[in-house]
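Next comes input07.pdb, a file with PDB, C-alpha atoms.
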ATOM      1  CA  MET B   1     132.971  19.137  96.657  1.00  0.00           C
ATOM      2  CA  ALA B   2     133.188  22.265  98.796  1.00  0.00           C
ATOM      3  CA  GLY B   3     130.480  24.070  96.861  1.00  0.00           C
ATOM      4  CA  ASN B   4     128.315  20.956  96.601  1.00  0.00           C
ATOM      5  CA  VAL B   5     128.467  19.808 100.217  1.00  0.00           C
ATOM      6  CA  GLY B   6     124.938  21.021 100.908  1.00  0.00           C
ATOM      7  CA  LYS B   7     123.561  19.049  97.953  1.00  0.00           C
ATOM      8  CA  LEU B   8     125.675  15.908  98.081  1.00  0.00           C
ATOM      9  CA  ALA B   9     125.758  15.213 101.823  1.00  0.00           C
ATOM     10  CA  PRO B  10     122.027  14.418 102.096  1.00  0.00           C
ATOM     11  CA  ARG B  11     122.220  12.278  98.939  1.00  0.00           C
ATOM     12  CA  TYR B  12     125.057  10.172 100.342  1.00  0.00           C
ATOM     13  CA  ALA B  13     123.242   9.926 103.675  1.00  0.00           C
ATOM     14  CA  ARG B  14     119.977   8.813 102.044  1.00  0.00           C
ATOM     15  CA  ALA B  15     121.799   6.297  99.870  1.00  0.00           C
ATOM     16  CA  LEU B  16     123.470   4.709 102.893  1.00  0.00           C
ATOM     17  CA  LEU B  17     120.210   4.685 104.851  1.00  0.00           C
ATOM     18  CA  MET B  18     118.298   3.100 101.949  1.00  0.00           C
ATOM     19  CA  THR B  19     121.024   0.491 101.472  1.00  0.00           C
ATOM     20  CA  MET B  20     121.011  -0.397 105.147  1.00  0.00           C
ATOM     21  CA  ARG B  21     117.213  -0.634 105.238  1.00  0.00           C
ATOM     22  CA  ARG B  22     117.206  -2.789 102.095  1.00  0.00           C
ATOM     23  CA  ASP B  23     119.686  -5.090 103.820  1.00  0.00           C
ATOM     24  CA  GLY B  24     117.358  -5.358 106.839  1.00  0.00           C
ATOM     25  CA  ALA B  25     119.147  -3.050 109.290  1.00  0.00           C
ATOM     26  CA  ASP B  26     117.144  -2.320 112.421  1.00  0.00           C
ATOM     27  CA  GLU B  27     117.252   0.829 114.533  1.00  0.00           C
ATOM     28  CA  VAL B  28     120.203  -0.419 116.588  1.00  0.00           C
ATOM     29  CA  ALA B  29     122.273  -1.043 113.445  1.00  0.00           C
ATOM     30  CA  LEU B  30     121.330   2.354 112.021  1.00  0.00           C
ATOM     31  CA  ARG B  31     122.317   4.123 115.242  1.00  0.00           C
ATOM     32  CA  GLN B  32     125.611   2.198 115.410  1.00  0.00           C
ATOM     33  CA  ALA B  33     126.373   3.224 111.836  1.00  0.00           C
ATOM     34  CA  ALA B  34     125.504   6.847 112.576  1.00  0.00           C
ATOM     35  CA  SER B  35     127.735   6.821 115.639  1.00  0.00           C
ATOM     36  CA  ALA B  36     130.633   5.233 113.730  1.00  0.00           C
ATOM     37  CA  ILE B  37     130.408   7.725 110.853  1.00  0.00           C
ATOM     38  CA  ASP B  38     130.137  10.637 113.274  1.00  0.00           C
ATOM     39  CA  GLU B  39     133.154   9.426 115.245  1.00  0.00           C
ATOM     40  CA  PHE B  40     135.171   8.987 112.057  1.00  0.00           C
ATOM     41  CA  ALA B  41     134.175  12.453 110.808  1.00  0.00           C
ATOM     42  CA  ARG B  42     135.126  14.143 114.086  1.00  0.00           C
ATOM     43  CA  SER B  43     138.448  12.264 114.166  1.00  0.00           C
ATOM     44  CA  TRP B  44     139.143  13.148 110.537  1.00  0.00           C
ATOM     45  CA  LYS B  45     138.487  16.816 111.193  1.00  0.00           C
ATOM     46  CA  ALA B  46     140.483  16.909 114.438  1.00  0.00           C
ATOM     47  CA  THR B  47     143.523  14.836 113.430  1.00  0.00           C
ATOM     48  CA  LYS B  48     145.847  16.491 110.945  1.00  0.00           C
ATOM     49  CA  GLU B  49     148.168  13.459 110.856  1.00  0.00           C
ATOM     50  CA  MET B  50     145.285  11.240 109.816  1.00  0.00           C
ATOM     51  CA  ARG B  51     144.322  13.556 106.961  1.00  0.00           C
ATOM     52  CA  ASP B  52     147.959  14.014 105.937  1.00  0.00           C
ATOM     53  CA  TYR B  53     148.474  10.263 105.580  1.00  0.00           C
ATOM     54  CA  PHE B  54     145.249   9.397 103.791  1.00  0.00           C
ATOM     55  CA  LEU B  55     145.471  12.352 101.415  1.00  0.00           C
ATOM     56  CA  ASN B  56     149.200  11.957 100.701  1.00  0.00           C
ATOM     57  CA  PRO B  57     149.695  11.120  97.014  1.00  0.00           C
ATOM     58  CA  MET B  58     153.163   9.687  97.780  1.00  0.00           C
ATOM     59  CA  PHE B  59     151.401   6.511  98.926  1.00  0.00           C
ATOM     60  CA  ARG B  60     149.333   4.520  96.470  1.00  0.00           C
ATOM     61  CA  ARG B  61     145.600   5.183  96.790  1.00  0.00           C
ATOM     62  CA  ALA B  62     144.876   1.444  97.033  1.00  0.00           C
ATOM     63  CA  ASP B  63     147.341   1.110  99.937  1.00  0.00           C
ATOM     64  CA  ARG B  64     145.836   4.073 101.755  1.00  0.00           C
ATOM     65  CA  ALA B  65     142.326   2.687 101.249  1.00  0.00           C
ATOM     66  CA  GLN B  66     143.405  -0.723 102.543  1.00  0.00           C
ATOM     67  CA  VAL B  67     144.976   0.820 105.674  1.00  0.00           C
ATOM     68  CA  MET B  68     141.844   2.858 106.325  1.00  0.00           C
ATOM     69  CA  CYS B  69     139.524  -0.131 105.919  1.00  0.00           C
ATOM     70  CA  GLN B  70     141.690  -2.416 108.073  1.00  0.00           C
ATOM     71  CA  SER B  71     141.935   0.244 110.789  1.00  0.00           C
ATOM     72  CA  LEU B  72     138.169   0.697 110.820  1.00  0.00           C
ATOM     73  CA  ARG B  73     137.536  -3.054 110.949  1.00  0.00           C
ATOM     74  CA  THR B  74     140.051  -3.426 113.798  1.00  0.00           C
ATOM     75  CA  ILE B  75     138.101  -0.993 115.970  1.00  0.00           C
ATOM     76  CA  GLY B  76     134.799  -2.727 115.207  1.00  0.00           C
ATOM     77  CA  VAL B  77     133.217  -0.367 112.701  1.00  0.00           C
ATOM     78  CA  PRO B  78     130.305  -2.109 110.939  1.00  0.00           C
ATOM     79  CA  GLU B  79     131.275  -3.438 107.501  1.00  0.00           C
ATOM     80  CA  ILE B  80     128.686  -1.340 105.676  1.00  0.00           C
ATOM     81  CA  VAL B  81     130.218   1.792 107.220  1.00  0.00           C
ATOM     82  CA  VAL B  82     133.715   0.632 106.241  1.00  0.00           C
ATOM     83  CA  ASN B  83     132.490   0.171 102.668  1.00  0.00           C
ATOM     84  CA  PHE B  84     130.725   3.535 102.712  1.00  0.00           C
ATOM     85  CA  LEU B  85     133.800   5.392 103.975  1.00  0.00           C
ATOM     86  CA  ASN B  86     135.918   3.561 101.406  1.00  0.00           C
ATOM     87  CA  LEU B  87     133.515   4.747  98.681  1.00  0.00           C
ATOM     88  CA  LEU B  88     133.878   8.317  99.928  1.00  0.00           C
ATOM     89  CA  PHE B  89     137.657   7.901  99.909  1.00  0.00           C
ATOM     90  CA  VAL B  90     137.721   6.491  96.377  1.00  0.00           C
ATOM     91  CA  ARG B  91     135.431   9.267  95.137  1.00  0.00           C
ATOM     92  CA  GLU B  92     137.643  11.858  96.852  1.00  0.00           C
ATOM     93  CA  ARG B  93     134.887  13.013  99.195  1.00  0.00           C
ATOM     94  CA  LEU B  94     136.980  12.790 102.335  1.00  0.00           C
ATOM     95  CA  ASN B  95     137.712  16.310 103.404  1.00  0.00           C
ATOM     96  CA  SER B  96     136.851  17.914 106.724  1.00  0.00           C
ATOM     97  CA  GLU B  97     133.880  19.830 105.399  1.00  0.00           C
ATOM     98  CA  SER B  98     132.256  17.047 103.400  1.00  0.00           C
ATOM     99  CA  ILE B  99     132.688  14.153 105.825  1.00  0.00           C
ATOM    100  CA  VAL B 100     131.250  16.173 108.720  1.00  0.00           C
ATOM    101  CA  ALA B 101     128.328  17.309 106.533  1.00  0.00           C
ATOM    102  CA  ILE B 102     127.689  13.723 105.413  1.00  0.00           C
ATOM    103  CA  ALA B 103     127.859  12.452 109.003  1.00  0.00           C
ATOM    104  CA  ASP B 104     125.444  15.150 110.172  1.00  0.00           C
ATOM    105  CA  ALA B 105     123.074  14.417 107.277  1.00  0.00           C
ATOM    106  CA  PHE B 106     123.162  10.690 108.052  1.00  0.00           C
ATOM    107  CA  ILE B 107     122.461  11.289 111.751  1.00  0.00           C
ATOM    108  CA  ARG B 108     119.474  13.474 110.804  1.00  0.00           C
ATOM    109  CA  ALA B 109     118.245  10.829 108.344  1.00  0.00           C
ATOM    110  CA  VAL B 110     118.516   8.068 110.965  1.00  0.00           C
ATOM    111  CA  ASP B 111     116.791  10.256 113.559  1.00  0.00           C
ATOM    112  CA  ASN B 112     113.981  10.925 111.100  1.00  0.00           C
ATOM    113  CA  GLU B 113     113.715   7.242 110.154  1.00  0.00           C
ATOM    114  CA  CYS B 114     113.532   6.252 113.836  1.00  0.00           C
ATOM    115  CA  SER B 115     111.221   9.148 114.878  1.00  0.00           C
ATOM    116  CA  VAL B 116     113.888  10.596 117.161  1.00  0.00           C
ATOM    117  CA  VAL B 117     113.850  14.300 117.943  1.00  0.00           C
ATOM    118  CA  ARG B 118     117.044  15.744 119.373  1.00  0.00           C
ATOM    119  CA  VAL B 119     116.170  18.447 121.867  1.00  0.00           C
ATOM    120  CA  GLU B 120     118.643  20.888 123.381  1.00  0.00           C
ATOM    121  CA  VAL B 121     117.460  22.233 126.723  1.00  0.00           C
ATOM    122  CA  VAL B 122     119.351  25.202 128.143  1.00  0.00           C
ATOM    123  CA  THR B 123     118.570  26.246 131.693  1.00  0.00           C
ATOM    124  CA  ALA B 124     119.774  29.093 133.882  1.00  0.00           C
ATOM    125  CA  ASN B 125     120.924  26.684 136.615  1.00  0.00           C
ATOM    126  CA  GLU B 126     121.670  22.986 137.022  1.00  0.00           C
ATOM    127  CA  VAL B 127     118.478  20.962 137.002  1.00  0.00           C
ATOM    128  CA  ALA B 128     117.822  17.966 139.247  1.00  0.00           C
ATOM    129  CA  GLU B 129     117.169  14.619 137.560  1.00  0.00           C
ATOM    130  CA  ASP B 130     113.491  14.534 138.563  1.00  0.00           C
ATOM    131  CA  GLU B 131     113.009  18.031 137.110  1.00  0.00           C
ATOM    132  CA  LYS B 132     114.697  16.916 133.888  1.00  0.00           C
ATOM    133  CA  GLN B 133     112.268  14.020 133.623  1.00  0.00           C
ATOM    134  CA  SER B 134     109.345  16.374 134.210  1.00  0.00           C
ATOM    135  CA  ILE B 135     110.593  18.812 131.559  1.00  0.00           C
ATOM    136  CA  VAL B 136     111.095  15.995 129.038  1.00  0.00           C
ATOM    137  CA  ALA B 137     107.601  14.647 129.791  1.00  0.00           C
ATOM    138  CA  SER B 138     106.099  18.115 129.200  1.00  0.00           C
ATOM    139  CA  LEU B 139     108.054  18.519 125.968  1.00  0.00           C
ATOM    140  CA  GLY B 140     106.978  15.022 124.910  1.00  0.00           C
ATOM    141  CA  ARG B 141     103.341  16.125 125.036  1.00  0.00           C
ATOM    142  CA  ALA B 142     104.115  19.054 122.704  1.00  0.00           C
ATOM    143  CA  ILE B 143     106.635  17.416 120.358  1.00  0.00           C
ATOM    144  CA  SER B 144     105.842  14.217 118.504  1.00  0.00           C
ATOM    145  CA  GLY B 145     108.590  11.625 118.354  1.00  0.00           C
ATOM    146  CA  ARG B 146     111.013  10.051 120.793  1.00  0.00           C
ATOM    147  CA  LEU B 147     112.943  12.850 122.476  1.00  0.00           C
ATOM    148  CA  GLU B 148     116.685  12.687 123.010  1.00  0.00           C
ATOM    149  CA  PRO B 149     117.510  15.643 125.219  1.00  0.00           C
ATOM    150  CA  SER B 150     120.887  17.247 125.773  1.00  0.00           C
ATOM    151  CA  TRP B 151     121.304  19.648 128.662  1.00  0.00           C
ATOM    152  CA  ALA B 152     123.322  22.820 129.074  1.00  0.00           C
ATOM    153  CA  VAL B 153     123.500  25.640 131.585  1.00  0.00           C
ATOM    154  CA  ASP B 154     123.647  29.331 130.648  1.00  0.00           C
ATOM    155  CA  SER B 155     123.477  31.626 133.654  1.00  0.00           C
ATOM    156  CA  SER B 156     122.770  34.638 131.411  1.00  0.00           C
ATOM    157  CA  LEU B 157     119.202  33.293 130.998  1.00  0.00           C
ATOM    158  CA  LEU B 158     118.500  34.501 134.566  1.00  0.00           C
ATOM    159  CA  GLY B 159     115.748  31.883 134.975  1.00  0.00           C
ATOM    160  CA  GLY B 160     113.558  29.539 132.979  1.00  0.00           C
ATOM    161  CA  LEU B 161     114.783  27.612 129.959  1.00  0.00           C
ATOM    162  CA  VAL B 162     115.322  27.663 126.214  1.00  0.00           C
ATOM    163  CA  VAL B 163     114.459  24.606 124.096  1.00  0.00           C
ATOM    164  CA  ARG B 164     115.859  24.054 120.594  1.00  0.00           C
ATOM    165  CA  TYR B 165     114.733  21.279 118.272  1.00  0.00           C
ATOM    166  CA  GLN B 166     114.351  20.776 114.525  1.00  0.00           C
ATOM    167  CA  GLY B 167     115.291  24.388 113.789  1.00  0.00           C
ATOM    168  CA  LYS B 168     112.772  25.772 116.303  1.00  0.00           C
ATOM    169  CA  VAL B 169     113.465  27.743 119.453  1.00  0.00           C
ATOM    170  CA  LEU B 170     111.101  27.914 122.411  1.00  0.00           C
ATOM    171  CA  ASP B 171     112.343  30.672 124.700  1.00  0.00           C
ATOM    172  CA  GLY B 172     110.815  30.459 128.151  1.00  0.00           C
ATOM    173  CA  SER B 173     113.727  32.198 129.840  1.00  0.00           C
ATOM    174  CA  LEU B 174     113.481  35.286 131.998  1.00  0.00           C
ATOM    175  CA  LYS B 175     116.083  36.954 129.770  1.00  0.00           C
ATOM    176  CA  GLY B 176     113.915  36.196 126.712  1.00  0.00           C
ATOM    177  CA  ARG B 177     110.859  37.693 128.396  1.00  0.00           C
ATOM    178  CA  VAL B 178     112.786  40.830 129.345  1.00  0.00           C
ATOM    179  CA  ASP B 179     114.139  41.129 125.788  1.00  0.00           C
ATOM    180  CA  ARG B 180     110.624  40.766 124.311  1.00  0.00           C
ATOM    181  CA  LEU B 181     109.210  43.308 126.772  1.00  0.00           C
ATOM    182  CA  GLU B 182     112.006  45.747 125.943  1.00  0.00           C
ATOM    183  CA  SER B 183     111.401  45.248 122.229  1.00  0.00           C
ATOM    184  CA  SER B 184     107.665  45.916 122.552  1.00  0.00           C
ATOM    185  CA  LEU B 185     108.286  49.050 124.617  1.00  0.00           C
ATOM    186  CA  MET B 186     110.698  50.380 121.983  1.00  0.00           C
ATOM    187  CA  ARG B 187     108.007  50.254 119.282  1.00  0.00           C
TER     188      ARG B 187
END

Turn this file's structure into structure tokens for me.
Amino acid sequence: MAGNVGKLAPRYARALLMTMRRDGADEVALRQAASAIDEFARSWKATKEMRDYFLNPMFRRADRAQVMCQSLRTIGVPEIVVNFLNLLFVRERLNSESIVAIADAFIRAVDNECSVVRVEVVTANEVAEDEKQSIVASLGRAISGRLEPSWAVDSSLLGGLVVRYQGKVLDGSLKGRVDRLESSLMR
């Protein structure tokens, strides 16, 4: 699947989303499923022992699938996600690259379905909570959808902030202004 990850991940994500919607899943259920798949994908990628066991042909595939499903049920993963991950396992789609791509595609699909826009805000210094709320309110007037901000600090910005969302970058940092000024002077 390595070469097809870009094509197949969104298809699997859409199929799961459509199945969940058909079954009447609300936003809470969709977000729980997205969180569970993301957590599984990150664990799969980070835990060599987990991959070694589930991909070990010395154990029968049916036994490995049963252990995976029981483990997921034990920790409270929604049944539709258990079934979905089992499908990926049976179809040999569980490798670090594909499961992370599928999880990311599903999160994007759920965000889109629920009109959520993930916004990364990078500032030069820590920002007080009231300032964060003000920044989010300002961004909310410019960006349609329900914003889910994440915050980071990068002192190299010198001042201001950089906002990233949906593949766009809004650079209101002092460093960005200096870089643009330098670039225009070099022309």

Q) What is the CA of Val122 in chain B to CA of Lys168 in chain B distance in Å? A)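 We find that CA of Val122 in chain B and CA of Lys168 in chain B lie 13.6 Å from each other.
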
Q) So, counting all atoms listed in the file, which residue among B:Leu88, B:Ala62, B:Val169, B:Ala25 is closest to Ala103 in chain B? A)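 Among the listed residues, the smallest separation from Ala103 in chain B belongs to B:Leu88.
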
Q: Expand the PyMOL selection byres ((chain B and resi 31) around 12) into the individual residues it matches in the shown file, reporting them as a PyMOL selection string.
A: chain B and resi 17+20+25-30+32-38+78+81+103+106-114+116

Name the residues captured by the PyMOL selection byres ((chain B and resi 160) around 9) when it is applied to the shown file; answer as a PDB file with C-alpha atoms, keeping the file's coordinate frame.
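Result file is selection-v3.pdb:
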ATOM      1  CA  VAL B 122     119.351  25.202 128.143  1.00  0.00           C
ATOM      2  CA  THR B 123     118.570  26.246 131.693  1.00  0.00           C
ATOM      3  CA  ALA B 124     119.774  29.093 133.882  1.00  0.00           C
ATOM      4  CA  ASN B 125     120.924  26.684 136.615  1.00  0.00           C
ATOM      5  CA  LEU B 157     119.202  33.293 130.998  1.00  0.00           C
ATOM      6  CA  LEU B 158     118.500  34.501 134.566  1.00  0.00           C
ATOM      7  CA  GLY B 159     115.748  31.883 134.975  1.00  0.00           C
ATOM      8  CA  LEU B 161     114.783  27.612 129.959  1.00  0.00           C
ATOM      9  CA  VAL B 162     115.322  27.663 126.214  1.00  0.00           C
ATOM     10  CA  ASP B 171     112.343  30.672 124.700  1.00  0.00           C
ATOM     11  CA  GLY B 172     110.815  30.459 128.151  1.00  0.00           C
ATOM     12  CA  SER B 173     113.727  32.198 129.840  1.00  0.00           C
ATOM     13  CA  LEU B 174     113.481  35.286 131.998  1.00  0.00           C
ATOM     14  CA  LYS B 175     116.083  36.954 129.770  1.00  0.00           C
TER      15      LYS B 175
END

Please write the residues picked by the PyMOL selection byres ((chain B and resi 40) around 12) on this file as a compact mmCIF listing (two decimals) with C-alpha atoms, in the frame of the given file.
# COMPACT_ATOMS: atom_id res chain seq x y z
CA ALA B 33 126.37 3.22 111.84
CA ALA B 34 125.50 6.85 112.58
CA SER B 35 127.74 6.82 115.64
CA ALA B 36 130.63 5.23 113.73
CA ILE B 37 130.41 7.72 110.85
CA ASP B 38 130.14 10.64 113.27
CA GLU B 39 133.15 9.43 115.24
CA ALA B 41 134.18 12.45 110.81
CA ARG B 42 135.13 14.14 114.09
CA SER B 43 138.45 12.26 114.17
CA TRP B 44 139.14 13.15 110.54
CA LYS B 45 138.49 16.82 111.19
CA ALA B 46 140.48 16.91 114.44
CA THR B 47 143.52 14.84 113.43
CA MET B 50 145.28 11.24 109.82
CA ARG B 51 144.32 13.56 106.96
CA MET B 68 141.84 2.86 106.32
CA CYS B 69 139.52 -0.13 105.92
CA SER B 71 141.94 0.24 110.79
CA LEU B 72 138.17 0.70 110.82
CA ILE B 75 138.10 -0.99 115.97
CA VAL B 77 133.22 -0.37 112.70
CA VAL B 81 130.22 1.79 107.22
CA VAL B 82 133.72 0.63 106.24
CA PHE B 84 130.72 3.54 102.71
CA LEU B 85 133.80 5.39 103.98
CA ASN B 86 135.92 3.56 101.41
CA LEU B 94 136.98 12.79 102.34
CA ASN B 95 137.71 16.31 103.40
CA SER B 96 136.85 17.91 106.72
CA ILE B 99 132.69 14.15 105.82
CA VAL B 100 131.25 16.17 108.72
CA ILE B 102 127.69 13.72 105.41
CA ALA B 103 127.86 12.45 109.00
CA ASP B 104 125.44 15.15 110.17

Q: Report the distance between CA of Glu120 in chain B and CA of Leu170 in chain B in Å, rounded to one decimal place.
A: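 Distance reported for this atom pair: 10.4 Å.
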